[in-house]
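The structure under discussion appears below in the form of structure tokens.
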Amino acid sequence: MTTTQPDLQRRSRLPAGSWVRELGWRHLVGVAAVVFAVLPIVYVVSASLSPSGTLTGSNALFSSTSGANYAELGDTRFWTWMANTLQIGIVTAVGTVLMGAAAAYAFSRFRVAGRRAGLTALLIIQMFPQMLAFVAIFLLLISLGNVVPVLGLNSKLSLIAVYLGGALGVNTFLMYGFFNTIPRELDEAAKIDGATHAQIYWTIILRLVSPILAVVALLSFIGTFGEFIIARVLLQSESNWTLAVGLYGWVSSLLEANWGLFAAGAVISAVPVLALFLFLQKYIVGGLTAGSVKG
């Protein structure tokens with residue numbers, strides 16, 4: 001619904017009290033939400049620039065600033081942890097999108113025996129928290145490492161496999177609903193023109209469902225980028241740690257905690273997630289399926 005010129009004129013003539021009751025409170029809520037979201041970020045940035053290395057030293061925001069914490073990152077394994085995290089996050093996001101989209105397409109388009117039971121099983125499995133499987137995953141990787149060392153403990157590949165297994169069900173169910181919104185007339189028209197299922201899937205369907213693919217990729221990347229518990233259990237050598245595990249190691253000791261270094265690492269760690277969100281924003285908000293079938 002568009003706002004007409006008479007509506008704008010009526011709002012401009014509202015008394016102050018009526019304006020506050022009808023519109024002003026919305027602005028106040030918006031400003032409060034922005035302050036609530038921005039204040040922690042400002043506090044962390046202030047702590048990263050504080051030379052004292054403590055959180056209490058940054059209570060007076062930006063009272064003293066220095067780039068020493070950022071310079072000190074080069075003397076640590078921070079950039080190794082960053083590379084490990086990006087590698088694990090990107091591979092997991094791509095694998096989640098490819099596997100989830102293929103499974104969702106099969107459930108959406110093919111009427112096979114056990115289809116409904118499979119969807120129900122996926123939904124039920126996701127109801128159980130992943131923490132219940134920690135012991136089983138740990139023991140499984142110990143045994144698997146004796147046969148295939150690259151898939152054992154302290155392996156980034158094994159961590160990626162665990163992430164993919166945990167995220168496949170919920171993302172398949174999420175994409176399944178979006179695939180159902182794509183009209184089947186597109187598939188039938190493509191089949192008449194001689195297209196195979198693979199051609200329909202790669203050249204037509206995936207382009208139309210790109211918004212949900214972007215959402216799944218973003219959520220998968222963010223989830224693995226900041227995940228701590230599984231990574232801490234599986235990755236045992238410091239050279240294989242992710243950012244979450246490495247940054248926690250800097251502040252895990254109360255007597256030797258360097259919160260300034262931790263805050264500097266946290267600020268830099270937010271850059272890849274922010275960049276990915278800005279890059280995928282146009283796909284997330286875009287409705288690429290609109291007008292795909294003419295009435």
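In the structure tokens, each chain is lettered A, B, ... as it comes, each chain's residues begin at 1, and ligands are numbered from 1 in order of appearance.
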>> I'd like the neighbourhood of Ile125 in chain A as JSON, numbers by chain, where a residue qualifies if any of its atoms comes within 10 Å (using only C-alpha atoms), though same-chain residues fewer than 4 positions away should be ignored.
In response: {"A": [120, 121, 129, 130, 166, 169, 170]}
Saved selection, atoms kept: C-alpha atoms, as a PDB file, in the first residue's frame:
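This went into again19.pdb:
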```pdb
ATOM      1  CA  THR A 120       9.285 -36.845   8.977  1.00  0.00           C
ATOM      2  CA  ALA A 121      12.506 -38.563  10.043  1.00  0.00           C
ATOM      3  CA  PRO A 129      20.195 -31.217  20.336  1.00  0.00           C
ATOM      4  CA  GLN A 130      23.569 -31.878  18.771  1.00  0.00           C
ATOM      5  CA  GLY A 166      24.412 -31.837  11.567  1.00  0.00           C
ATOM      6  CA  GLY A 169      18.468 -32.161   7.902  1.00  0.00           C
ATOM      7  CA  VAL A 170      17.213 -28.738   8.955  1.00  0.00           C
TER       8      VAL A 170
END
```
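Residues surrounding range 61-73 of chain A within 6 Å are Ser46, Leu49, Ser50, Pro51, Leu261 and Ala264 of chain A [only C-alpha atoms; sequence separation below 5 positions excluded].
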>> Need the shell around Ala214 in chain A: protein/DNA/RNA residues with any atom at most 10 Å away, counting only C-alpha atoms. Skip same-chain ones fewer than 3 positions apart. Format as a list in words?
In response: Ala93, Val97, Val209, Ser210, Pro211, Ala217, Leu218, Leu219, Ser220, Leu276, Phe277, Phe279, Leu280, Gln281, Lys282, Tyr283, Ile284 and Val285 of chain A
Can those selected residues be exported to a file as a PDB file, in the first residue's frame so that it contains C-alpha atoms?
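File written: again15.pdb
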```pdb
ATOM      1  CA  ALA A  93      28.579 -23.542   3.471  1.00  0.00           C
ATOM      2  CA  VAL A  97      23.981 -25.716  -0.079  1.00  0.00           C
ATOM      3  CA  VAL A 209      15.673 -20.604  -5.568  1.00  0.00           C
ATOM      4  CA  SER A 210      18.856 -18.527  -5.216  1.00  0.00           C
ATOM      5  CA  PRO A 211      17.350 -16.461  -2.321  1.00  0.00           C
ATOM      6  CA  ALA A 217      24.860 -20.407   2.865  1.00  0.00           C
ATOM      7  CA  LEU A 218      24.916 -17.360   5.133  1.00  0.00           C
ATOM      8  CA  LEU A 219      23.451 -19.181   8.145  1.00  0.00           C
ATOM      9  CA  SER A 220      25.764 -22.145   7.625  1.00  0.00           C
ATOM     10  CA  LEU A 276      29.414 -12.016   3.233  1.00  0.00           C
ATOM     11  CA  PHE A 277      26.133 -10.614   4.516  1.00  0.00           C
ATOM     12  CA  PHE A 279      27.391  -9.516  -0.634  1.00  0.00           C
ATOM     13  CA  LEU A 280      24.389 -11.836  -0.265  1.00  0.00           C
ATOM     14  CA  GLN A 281      21.942  -9.135   0.804  1.00  0.00           C
ATOM     15  CA  LYS A 282      20.624  -8.515  -2.695  1.00  0.00           C
ATOM     16  CA  TYR A 283      19.868 -12.226  -3.098  1.00  0.00           C
ATOM     17  CA  ILE A 284      18.236 -12.523   0.309  1.00  0.00           C
ATOM     18  CA  VAL A 285      15.823  -9.628  -0.222  1.00  0.00           C
TER      19      VAL A 285
END
```
Which residues come within 9 Å of Ile230 in chain A, counting only C-alpha atoms, excluding same-chain residues fewer than 2 positions away, as a PDB file with N, CA and C atoms, in the first residue's frame?
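Writing the result to selection31.pdb gives the following:
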```pdb
ATOM      1  N   MET A 131      24.342 -31.698  21.075  1.00  0.00           N
ATOM      2  CA  MET A 131      25.211 -32.045  22.203  1.00  0.00           C
ATOM      3  C   MET A 131      25.059 -33.501  22.614  1.00  0.00           C
ATOM      4  N   PHE A 134      27.873 -35.746  21.148  1.00  0.00           N
ATOM      5  CA  PHE A 134      29.292 -35.432  21.306  1.00  0.00           C
ATOM      6  C   PHE A 134      30.130 -36.669  21.617  1.00  0.00           C
ATOM      7  N   LEU A 159      35.987 -32.402  10.965  1.00  0.00           N
ATOM      8  CA  LEU A 159      35.122 -31.367  11.538  1.00  0.00           C
ATOM      9  C   LEU A 159      34.105 -30.895  10.501  1.00  0.00           C
ATOM     10  N   VAL A 162      31.375 -33.475  10.202  1.00  0.00           N
ATOM     11  CA  VAL A 162      30.431 -33.401  11.327  1.00  0.00           C
ATOM     12  C   VAL A 162      29.469 -32.232  11.139  1.00  0.00           C
ATOM     13  N   TYR A 163      29.994 -31.085  10.724  1.00  0.00           N
ATOM     14  CA  TYR A 163      29.135 -29.927  10.484  1.00  0.00           C
ATOM     15  C   TYR A 163      28.113 -30.202   9.386  1.00  0.00           C
ATOM     16  N   GLU A 227      31.212 -21.413  15.863  1.00  0.00           N
ATOM     17  CA  GLU A 227      30.983 -22.621  16.662  1.00  0.00           C
ATOM     18  C   GLU A 227      32.217 -22.948  17.497  1.00  0.00           C
ATOM     19  N   PHE A 228      31.993 -23.323  18.747  1.00  0.00           N
ATOM     20  CA  PHE A 228      33.114 -23.530  19.662  1.00  0.00           C
ATOM     21  C   PHE A 228      33.207 -24.957  20.200  1.00  0.00           C
ATOM     22  N   ARG A 232      36.308 -27.404  19.651  1.00  0.00           N
ATOM     23  CA  ARG A 232      37.231 -27.557  20.778  1.00  0.00           C
ATOM     24  C   ARG A 232      37.462 -29.024  21.100  1.00  0.00           C
ATOM     25  N   VAL A 233      36.436 -29.847  20.914  1.00  0.00           N
ATOM     26  CA  VAL A 233      36.568 -31.274  21.213  1.00  0.00           C
ATOM     27  C   VAL A 233      37.398 -31.996  20.150  1.00  0.00           C
ATOM     28  N   LEU A 234      37.183 -31.661  18.881  1.00  0.00           N
ATOM     29  CA  LEU A 234      37.801 -32.406  17.787  1.00  0.00           C
ATOM     30  C   LEU A 234      39.188 -31.901  17.424  1.00  0.00           C
ATOM     31  N   LEU A 235      39.403 -30.582  17.457  1.00  0.00           N
ATOM     32  CA  LEU A 235      40.689 -30.020  17.052  1.00  0.00           C
ATOM     33  C   LEU A 235      41.584 -29.885  18.280  1.00  0.00           C
TER      34      LEU A 235
END
```
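Of note, CA of Tyr201 in chain A and CA of Ser108 in chain A are spaced 11.7 Å apart.
With CA of Phe225 in chain A on one side and CA of Ala102 in chain A on the other, the separation reads 23.7 Å.
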> If you run DSSP on the backbone, which residues of range 200-264 of chain A are alpha helix (DSSP H), as an MDAnalysis selection string?
Replying inline: chainID A and resid 200 206:208 210:225 229:234 243:251 259:264
Please produce an output containing N, CA and C atoms for each residue in the selection, written as a compact mmCIF listing (two decimals), in the first residue's frame.
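As a result, again-v4.txt now contains:
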```
# COMPACT_ATOMS: atom_id res chain seq x y z
N ILE A 200 17.34 -29.28 -15.87
CA ILE A 200 16.30 -28.50 -15.20
C ILE A 200 16.78 -28.02 -13.84
N LEU A 206 17.78 -23.98 -9.68
CA LEU A 206 18.72 -23.35 -8.75
C LEU A 206 18.75 -21.83 -8.92
N ARG A 207 18.53 -21.34 -10.12
CA ARG A 207 18.51 -19.89 -10.31
C ARG A 207 17.28 -19.27 -9.67
N LEU A 208 16.19 -19.98 -9.69
CA LEU A 208 14.95 -19.44 -9.12
C LEU A 208 14.93 -19.51 -7.59
N SER A 210 17.62 -19.13 -5.71
CA SER A 210 18.86 -18.53 -5.22
C SER A 210 18.66 -17.75 -3.90
N PRO A 211 17.50 -17.12 -3.63
CA PRO A 211 17.35 -16.46 -2.32
C PRO A 211 17.50 -17.42 -1.14
N ILE A 212 16.87 -18.60 -1.21
CA ILE A 212 16.98 -19.53 -0.09
C ILE A 212 18.38 -20.14 -0.04
N LEU A 213 19.02 -20.29 -1.19
CA LEU A 213 20.41 -20.79 -1.20
C LEU A 213 21.33 -19.79 -0.51
N ALA A 214 21.09 -18.51 -0.76
CA ALA A 214 21.90 -17.48 -0.11
C ALA A 214 21.68 -17.47 1.40
N VAL A 215 20.44 -17.63 1.83
CA VAL A 215 20.13 -17.66 3.26
C VAL A 215 20.79 -18.85 3.93
N VAL A 216 20.68 -20.02 3.31
CA VAL A 216 21.28 -21.23 3.89
C VAL A 216 22.80 -21.10 3.94
N ALA A 217 23.41 -20.58 2.88
CA ALA A 217 24.86 -20.41 2.86
C ALA A 217 25.30 -19.44 3.95
N LEU A 218 24.57 -18.35 4.11
CA LEU A 218 24.92 -17.36 5.13
C LEU A 218 24.78 -17.94 6.54
N LEU A 219 23.66 -18.60 6.82
CA LEU A 219 23.45 -19.18 8.15
C LEU A 219 24.47 -20.28 8.44
N SER A 220 24.78 -21.08 7.43
CA SER A 220 25.76 -22.14 7.62
C SER A 220 27.14 -21.57 7.91
N PHE A 221 27.52 -20.54 7.17
CA PHE A 221 28.83 -19.93 7.37
C PHE A 221 28.93 -19.28 8.75
N ILE A 222 27.89 -18.55 9.14
CA ILE A 222 27.91 -17.90 10.45
C ILE A 222 27.93 -18.94 11.57
N GLY A 223 27.14 -20.01 11.40
CA GLY A 223 27.09 -21.04 12.44
C GLY A 223 28.42 -21.73 12.64
N THR A 224 29.10 -22.08 11.56
CA THR A 224 30.40 -22.75 11.68
C THR A 224 31.51 -21.77 12.05
N PHE A 225 31.37 -20.52 11.65
CA PHE A 225 32.40 -19.52 11.93
C PHE A 225 32.55 -19.28 13.43
N ILE A 229 32.10 -25.51 20.66
CA ILE A 229 32.16 -26.75 21.44
C ILE A 229 32.70 -27.91 20.61
N ILE A 230 32.11 -28.16 19.44
CA ILE A 230 32.56 -29.29 18.62
C ILE A 230 33.99 -29.08 18.16
N ALA A 231 34.31 -27.86 17.75
CA ALA A 231 35.68 -27.57 17.30
C ALA A 231 36.68 -27.77 18.42
N ARG A 232 36.31 -27.40 19.65
CA ARG A 232 37.23 -27.56 20.78
C ARG A 232 37.46 -29.02 21.10
N VAL A 233 36.44 -29.85 20.91
CA VAL A 233 36.57 -31.27 21.21
C VAL A 233 37.40 -32.00 20.15
N LEU A 234 37.18 -31.66 18.88
CA LEU A 234 37.80 -32.41 17.79
C LEU A 234 39.19 -31.90 17.42
N LEU A 243 39.03 -19.79 15.01
CA LEU A 243 39.08 -18.52 15.74
C LEU A 243 38.38 -18.62 17.09
N ALA A 244 37.24 -19.29 17.13
CA ALA A 244 36.51 -19.38 18.40
C ALA A 244 37.34 -20.08 19.46
N VAL A 245 38.00 -21.16 19.08
CA VAL A 245 38.82 -21.90 20.03
C VAL A 245 40.06 -21.10 20.41
N GLY A 246 40.71 -20.49 19.42
CA GLY A 246 41.92 -19.73 19.69
C GLY A 246 41.69 -18.50 20.55
N LEU A 247 40.63 -17.74 20.23
CA LEU A 247 40.34 -16.55 21.01
C LEU A 247 39.96 -16.91 22.45
N TYR A 248 39.26 -18.01 22.61
CA TYR A 248 38.91 -18.44 23.98
C TYR A 248 40.17 -18.76 24.78
N GLY A 249 41.17 -19.32 24.11
CA GLY A 249 42.41 -19.65 24.81
C GLY A 249 43.10 -18.43 25.39
N TRP A 250 42.91 -17.27 24.78
CA TRP A 250 43.55 -16.04 25.28
C TRP A 250 42.93 -15.53 26.58
N VAL A 251 41.68 -15.87 26.84
CA VAL A 251 41.00 -15.34 28.02
C VAL A 251 40.53 -16.44 28.95
N TRP A 259 42.29 -9.20 27.45
CA TRP A 259 41.02 -8.85 26.82
C TRP A 259 41.21 -7.86 25.67
N GLY A 260 42.24 -7.06 25.70
CA GLY A 260 42.50 -6.16 24.59
C GLY A 260 42.83 -6.91 23.32
N LEU A 261 43.69 -7.93 23.44
CA LEU A 261 44.03 -8.77 22.28
C LEU A 261 42.81 -9.55 21.81
N PHE A 262 42.02 -10.04 22.78
CA PHE A 262 40.79 -10.77 22.44
C PHE A 262 39.81 -9.86 21.68
N ALA A 263 39.64 -8.63 22.14
CA ALA A 263 38.71 -7.71 21.49
C ALA A 263 39.20 -7.34 20.09
N ALA A 264 40.51 -7.16 19.92
CA ALA A 264 41.04 -6.86 18.59
C ALA A 264 40.79 -8.01 17.63
```
>> Report as a list in words all protein, DNA and RNA residues lying within 12 Å of range 188-192 of chain A, evaluated on only C-alpha atoms, omitting residues in the same chain fewer than 2 positions from it.
In response: Arg109, Ile182, Pro183, Arg184, Glu185, Leu186, Gly194, Ala195, Thr196, His197, Ala198, Gln199, Ile200, Tyr201, Thr203, Ile204, Ile205 and Val293 of chain A
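The gap separating CA of Ala113 in chain A from CA of Phe178 in chain A is 21.8 Å, in Å to one decimal.
Take the candidates A:Pro149, A:Ala33, A:Met82, A:Glu22 and check each one against Val271 in chain A using only C-alpha atoms; the shortest distance goes to A:Met82.
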